[in-house]
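Before any comments, here is the structure.
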Amino acid sequence: MEDKALKILLSNDDGVHAQGIHALAESLQDIAEVTIVAPDRNRSGASNSLTLEQPLRVTEIADKVYSVQGTPTDCVHFALNELMKDALPDLVLTGINHGANLGDDVLYSGTVAAAMEGHFLGVQAVAFSLVGKQHFVTAGKIARQIVEQHLVKPIPTNRLLNINVPDLPFEQLKGTAVTRLGARHHAEAMIKQQDPRGHDIYWLGPPGKEQDAGEGTDFYAVDQGYVSVTPLQVDLTAHESLRSMDNWLKDQ
(Lines give C-alpha, C1' and ligand atoms only; values in the text may rest on other atoms or scores of the structure.)
Protein backbone atom coordinates (compact mmCIF):
# COMPACT_ATOMS: atom_id res chain seq x y z
CA MET A 1 0.00 0.00 0.00
CA GLU A 2 1.28 3.46 -0.88
CA ASP A 3 2.56 5.41 2.13
CA LYS A 4 0.55 8.52 2.85
CA ALA A 5 2.45 11.67 3.77
CA LEU A 6 -0.15 12.86 6.29
CA LYS A 7 -0.16 11.04 9.63
CA ILE A 8 -3.06 11.45 12.06
CA LEU A 9 -3.56 10.11 15.56
CA LEU A 10 -7.17 9.49 16.63
CA SER A 11 -8.45 9.05 20.17
CA ASN A 12 -11.70 9.52 22.10
CA ASP A 13 -13.43 8.92 25.42
CA ASP A 14 -16.25 6.66 24.20
CA GLY A 15 -13.88 3.72 23.73
CA VAL A 16 -11.94 2.05 20.96
CA HIS A 17 -15.03 0.25 19.61
CA ALA A 18 -17.26 3.36 19.48
CA GLN A 19 -19.04 4.23 16.26
CA GLY A 20 -17.79 7.82 16.30
CA ILE A 21 -14.06 7.12 16.20
CA HIS A 22 -14.45 4.63 13.37
CA ALA A 23 -16.60 7.07 11.40
CA LEU A 24 -13.80 9.61 11.86
CA ALA A 25 -11.18 7.11 10.70
CA GLU A 26 -13.25 6.16 7.67
CA SER A 27 -13.63 9.78 6.62
CA LEU A 28 -9.85 10.22 6.56
CA GLN A 29 -8.48 6.86 5.51
CA ASP A 30 -7.87 7.75 1.85
CA ILE A 31 -5.93 10.97 2.60
CA ALA A 32 -3.94 10.02 5.71
CA GLU A 33 -2.24 7.24 7.57
CA VAL A 34 -4.53 6.90 10.57
CA THR A 35 -3.56 5.41 13.93
CA ILE A 36 -6.23 4.84 16.59
CA VAL A 37 -5.22 4.77 20.26
CA ALA A 38 -8.28 4.79 22.48
CA PRO A 39 -9.56 3.50 25.83
CA ASP A 40 -10.66 -0.11 26.03
CA ARG A 41 -14.05 1.04 27.36
CA ASN A 42 -16.18 4.13 27.74
CA ARG A 43 -14.31 6.76 29.77
CA SER A 44 -16.65 9.71 29.24
CA GLY A 45 -16.18 12.44 31.83
CA ALA A 46 -12.58 11.41 32.59
CA SER A 47 -11.33 14.94 31.85
CA ASN A 48 -7.52 15.25 32.01
CA SER A 49 -6.95 12.39 34.43
CA LEU A 50 -3.81 10.26 34.12
CA THR A 51 -3.22 6.74 35.42
CA LEU A 52 -0.33 7.02 37.89
CA GLU A 53 -0.67 4.10 40.32
CA GLN A 54 -0.73 1.21 37.86
CA PRO A 55 0.81 0.40 34.47
CA LEU A 56 -0.97 0.93 31.18
CA ARG A 57 -1.81 -2.24 29.30
CA VAL A 58 -1.96 -1.76 25.55
CA THR A 59 -3.26 -4.24 22.96
CA GLU A 60 -3.12 -3.87 19.17
CA ILE A 61 -6.56 -5.21 18.26
CA ALA A 62 -6.24 -4.48 14.52
CA ASP A 63 -3.68 -2.87 12.22
CA LYS A 64 -2.84 0.53 13.76
CA VAL A 65 -5.73 0.22 16.22
CA TYR A 66 -4.66 0.12 19.87
CA SER A 67 -6.82 -0.49 22.93
CA VAL A 68 -5.52 1.03 26.18
CA GLN A 69 -6.60 0.18 29.72
CA GLY A 70 -6.52 3.82 30.71
CA THR A 71 -8.00 7.27 30.24
CA PRO A 72 -8.21 9.34 27.04
CA THR A 73 -5.27 11.46 28.24
CA ASP A 74 -3.29 8.26 28.92
CA CYS A 75 -3.94 7.20 25.33
CA VAL A 76 -2.56 10.34 23.70
CA HIS A 77 0.31 10.54 26.20
CA PHE A 78 1.30 6.94 25.36
CA ALA A 79 0.90 7.45 21.63
CA LEU A 80 3.04 10.58 21.41
CA ASN A 81 5.67 9.66 24.00
CA GLU A 82 6.11 6.00 23.09
CA LEU A 83 4.21 4.50 20.17
CA MET A 84 4.83 7.35 17.69
CA LYS A 85 7.77 9.09 19.38
CA ASP A 86 10.09 8.58 16.40
CA ALA A 87 7.62 9.98 13.88
CA LEU A 88 5.05 12.23 15.52
CA PRO A 89 1.70 12.65 13.76
CA ASP A 90 0.83 15.85 11.94
CA LEU A 91 -2.51 16.10 13.77
CA VAL A 92 -4.25 14.73 16.83
CA LEU A 93 -8.00 14.43 16.26
CA THR A 94 -10.37 13.23 18.96
CA GLY A 95 -13.95 12.01 18.76
CA ILE A 96 -16.31 11.88 17.10
CA ASN A 97 -17.86 12.21 20.55
CA HIS A 98 -21.27 10.62 21.09
CA GLY A 99 -22.97 13.80 22.25
CA ALA A 100 -22.21 17.49 22.66
CA ASN A 101 -19.19 19.09 24.28
CA LEU A 102 -20.57 22.61 24.59
CA GLY A 103 -19.90 25.32 27.14
CA ASP A 104 -18.58 24.04 30.45
CA ASP A 105 -18.84 20.44 29.19
CA VAL A 106 -15.24 20.95 28.07
CA LEU A 107 -14.09 20.92 31.72
CA TYR A 108 -15.19 17.30 32.09
CA SER A 109 -14.87 15.92 28.57
CA GLY A 110 -12.34 13.18 27.96
CA THR A 111 -12.55 13.88 24.24
CA VAL A 112 -11.50 17.50 24.74
CA ALA A 113 -8.87 16.42 27.29
CA ALA A 114 -7.32 13.99 24.81
CA ALA A 115 -7.02 16.81 22.28
CA MET A 116 -5.59 19.02 25.02
CA GLU A 117 -2.87 16.44 25.71
CA GLY A 118 -1.91 16.51 22.04
CA HIS A 119 -1.75 20.29 22.25
CA PHE A 120 0.40 20.07 25.42
CA LEU A 121 2.81 17.81 23.58
CA GLY A 122 3.18 20.11 20.60
CA VAL A 123 0.84 18.65 17.97
CA GLN A 124 -2.05 20.60 16.46
CA ALA A 125 -5.19 19.09 17.97
CA VAL A 126 -8.92 19.21 17.22
CA ALA A 127 -11.81 17.69 19.19
CA PHE A 128 -14.98 16.72 17.30
CA SER A 129 -18.39 16.08 18.86
CA LEU A 130 -21.75 15.21 17.34
CA VAL A 131 -24.62 16.93 19.15
CA GLY A 132 -26.64 13.74 19.03
CA LYS A 133 -26.03 10.10 18.13
CA GLN A 134 -27.22 9.65 14.55
CA HIS A 135 -25.40 11.57 11.81
CA PHE A 136 -21.79 10.52 12.35
CA VAL A 137 -21.20 10.67 8.60
CA THR A 138 -21.98 14.40 8.72
CA ALA A 139 -19.41 14.97 11.47
CA GLY A 140 -16.91 12.86 9.53
CA LYS A 141 -17.34 15.07 6.47
CA ILE A 142 -16.78 18.17 8.59
CA ALA A 143 -13.63 16.65 10.06
CA ARG A 144 -12.31 15.91 6.59
CA GLN A 145 -13.04 19.47 5.47
CA ILE A 146 -11.13 20.85 8.46
CA VAL A 147 -8.15 18.58 7.75
CA GLU A 148 -8.10 19.44 4.05
CA GLN A 149 -8.27 23.16 4.79
CA HIS A 150 -5.47 22.78 7.34
CA LEU A 151 -3.32 21.14 4.67
CA VAL A 152 -3.85 24.02 2.27
CA LYS A 153 -3.60 26.73 4.93
CA PRO A 154 -2.61 25.66 8.47
CA ILE A 155 -4.91 26.55 11.37
CA PRO A 156 -3.89 30.16 12.15
CA THR A 157 -3.62 29.93 15.93
CA ASN A 158 -1.64 28.07 18.55
CA ARG A 159 -4.84 26.78 20.08
CA LEU A 160 -6.71 23.51 20.17
CA LEU A 161 -10.10 23.57 18.49
CA ASN A 162 -13.38 22.30 19.92
CA ILE A 163 -15.85 21.53 17.14
CA ASN A 164 -19.51 20.59 17.65
CA VAL A 165 -21.59 19.37 14.73
CA PRO A 166 -25.41 19.48 14.70
CA ASP A 167 -27.03 16.07 14.38
CA LEU A 168 -28.33 16.75 10.87
CA PRO A 169 -27.82 15.43 7.36
CA PHE A 170 -24.81 17.18 5.84
CA GLU A 171 -26.95 19.00 3.27
CA GLN A 172 -29.01 20.63 6.04
CA LEU A 173 -26.08 22.30 7.79
CA LYS A 174 -26.18 26.09 7.45
CA GLY A 175 -22.43 26.62 7.60
CA THR A 176 -19.69 27.11 10.16
CA ALA A 177 -19.49 29.67 12.97
CA VAL A 178 -16.53 30.64 15.15
CA THR A 179 -17.91 30.80 18.68
CA ARG A 180 -17.11 31.27 22.34
CA LEU A 181 -18.04 28.78 25.03
CA GLY A 182 -21.48 29.25 26.53
CA ALA A 183 -22.41 28.05 30.00
CA ARG A 184 -24.92 25.77 31.68
CA HIS A 185 -26.75 26.09 34.96
CA HIS A 186 -25.48 23.81 37.70
CA ALA A 187 -26.17 20.12 37.18
CA GLU A 188 -29.47 18.89 38.57
CA ALA A 189 -29.59 17.26 42.02
CA MET A 190 -28.05 13.84 42.54
CA ILE A 191 -30.33 10.82 42.32
CA LYS A 192 -30.34 8.64 45.44
CA GLN A 193 -31.27 4.96 45.16
CA GLN A 194 -30.51 1.70 46.93
CA ASP A 195 -28.67 -1.31 45.61
CA PRO A 196 -30.10 -4.86 46.05
CA ARG A 197 -28.35 -5.11 49.43
CA GLY A 198 -30.06 -1.98 50.74
CA HIS A 199 -27.01 0.26 50.56
CA ASP A 200 -27.42 3.85 49.41
CA ILE A 201 -26.04 4.64 45.95
CA TYR A 202 -25.92 7.94 44.10
CA TRP A 203 -26.09 8.91 40.44
CA LEU A 204 -24.91 12.26 39.14
CA GLY A 205 -27.84 14.38 38.03
CA PRO A 206 -28.23 15.28 34.33
CA PRO A 207 -26.41 18.36 33.00
CA GLY A 208 -28.04 21.69 33.71
CA LYS A 209 -29.96 23.64 31.08
CA GLU A 210 -28.24 26.34 29.07
CA GLN A 211 -27.63 29.54 31.03
CA ASP A 212 -25.43 31.55 28.66
CA ALA A 213 -26.57 30.45 25.22
CA GLY A 214 -27.03 33.70 23.35
CA GLU A 215 -25.75 34.76 19.96
CA GLY A 216 -22.03 34.15 19.61
CA THR A 217 -21.99 31.05 21.84
CA ASP A 218 -21.44 27.47 20.77
CA PHE A 219 -24.94 26.58 22.07
CA TYR A 220 -26.55 29.20 19.84
CA ALA A 221 -24.63 28.23 16.72
CA VAL A 222 -25.51 24.54 16.97
CA ASP A 223 -29.14 25.34 17.78
CA GLN A 224 -29.30 27.40 14.57
CA GLY A 225 -27.85 24.57 12.48
CA TYR A 226 -24.24 25.76 12.28
CA VAL A 227 -21.07 23.83 13.04
CA SER A 228 -19.52 25.49 16.08
CA VAL A 229 -15.73 26.02 16.08
CA THR A 230 -14.28 27.27 19.36
CA PRO A 231 -10.55 27.87 19.85
CA LEU A 232 -9.54 26.90 23.39
CA GLN A 233 -6.54 28.03 25.42
CA VAL A 234 -4.94 26.03 28.18
CA ASP A 235 -3.68 28.97 30.26
CA LEU A 236 -6.25 29.28 33.08
CA THR A 237 -4.63 32.37 34.58
CA ALA A 238 -7.10 35.20 35.22
CA HIS A 239 -4.71 37.81 33.81
CA GLU A 240 -7.07 40.73 34.44
CA SER A 241 -7.01 39.89 38.16
CA LEU A 242 -3.23 39.84 38.64
CA ARG A 243 -2.86 43.52 39.57
CA SER A 244 -5.83 43.60 41.98
CA MET A 245 -4.64 40.39 43.61
CA ASP A 246 -1.15 41.82 44.01
CA ASN A 247 -2.56 44.96 45.59
CA TRP A 248 -4.76 42.91 47.92
CA LEU A 249 -1.78 40.92 49.21
CA LYS A 250 0.25 44.10 49.72
CA ASP A 251 -2.53 45.51 51.91
CA GLN A 252 -2.00 42.84 54.56
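Within each chain, counting starts at residue 1; across the C-alpha coordinates, chains are named A, B, ... in the order shown, with ligands numbered 1 upward in that order.
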
Contact residues around Phe219 of chain A with only C-alpha atoms at 8 Å, ignoring same-chain residues under 2 positions, as a PyMOL selection string: chain A and resi 102-103+181-182+210+213-214+217+221-223

Selection file, N, CA, C and O atoms, as a short mmCIF file (atom, residue, chain, number, x, y, z; two decimals), in the first residue's frame:
```cif
data_model
loop_
_atom_site.label_atom_id
_atom_site.label_comp_id
_atom_site.auth_asym_id
_atom_site.auth_seq_id
_atom_site.Cartn_x
_atom_site.Cartn_y
_atom_site.Cartn_z
N LEU A 102 -20.30 21.18 24.71
CA LEU A 102 -20.57 22.61 24.59
C LEU A 102 -20.40 23.29 25.94
O LEU A 102 -20.66 22.71 26.99
N GLY A 103 -19.99 24.56 25.91
CA GLY A 103 -19.90 25.32 27.14
C GLY A 103 -18.98 24.67 28.14
O GLY A 103 -17.88 24.18 27.81
N LEU A 181 -17.32 29.74 24.21
CA LEU A 181 -18.04 28.78 25.03
C LEU A 181 -19.22 29.46 25.73
O LEU A 181 -19.08 30.54 26.29
N GLY A 182 -20.36 28.82 25.71
CA GLY A 182 -21.48 29.25 26.53
C GLY A 182 -21.35 28.66 27.92
O GLY A 182 -20.26 28.26 28.35
N GLU A 210 -29.10 25.25 29.50
CA GLU A 210 -28.24 26.34 29.07
C GLU A 210 -28.54 27.62 29.86
O GLU A 210 -29.70 27.99 30.04
N ALA A 213 -26.43 31.14 26.51
CA ALA A 213 -26.57 30.45 25.22
C ALA A 213 -27.00 31.43 24.13
O ALA A 213 -27.62 31.04 23.15
N GLY A 214 -26.63 32.69 24.31
CA GLY A 214 -27.03 33.70 23.35
C GLY A 214 -26.17 33.70 22.10
O GLY A 214 -25.25 32.90 21.94
N THR A 217 -22.41 32.23 21.08
CA THR A 217 -21.99 31.05 21.84
C THR A 217 -22.07 29.79 20.98
O THR A 217 -22.76 29.74 19.95
N ALA A 221 -24.98 28.62 18.08
CA ALA A 221 -24.63 28.23 16.72
C ALA A 221 -25.21 26.87 16.37
O ALA A 221 -25.83 26.69 15.31
N VAL A 222 -25.01 25.89 17.25
CA VAL A 222 -25.51 24.54 16.97
C VAL A 222 -27.03 24.53 16.89
O VAL A 222 -27.62 23.87 16.02
N ASP A 223 -27.68 25.28 17.78
CA ASP A 223 -29.14 25.34 17.78
C ASP A 223 -29.68 25.91 16.47
O ASP A 223 -30.76 25.54 16.02
#
```

Expected answer as a PyMOL selection string: helix (DSSP H, G or I) residues in segment 25-252 of chain A: chain A and resi 25-28+72-83+103-107+110-120+136-152+170-172+218-223+239-250

DSSP strand (DSSP E) residues within segment 14-64 of chain A, as an MDAnalysis selection string: chainID A and resid 33:39 58:62

Polymer residues at most 12 Å from Ser44 of chain A, only C-alpha atoms, same-chain spacing of 3 or more positions, as a count of residues only: 32

Close residues, segment 149-156 of chain A itself excluded, 12 Å, only C-alpha atoms, min 3 positions apart in chain, as a list in words: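 With the cut-off at 12 Å, the set is Ala5, Leu6, Lys7, Ile31, Ala32, Asp90, Leu91, Val123, Gln124, Ala125, Val126, Ile142, Ala143, Arg144, Gln145, Ile146, Arg159, Leu160, Leu161, Val229 and Pro231 of chain A.
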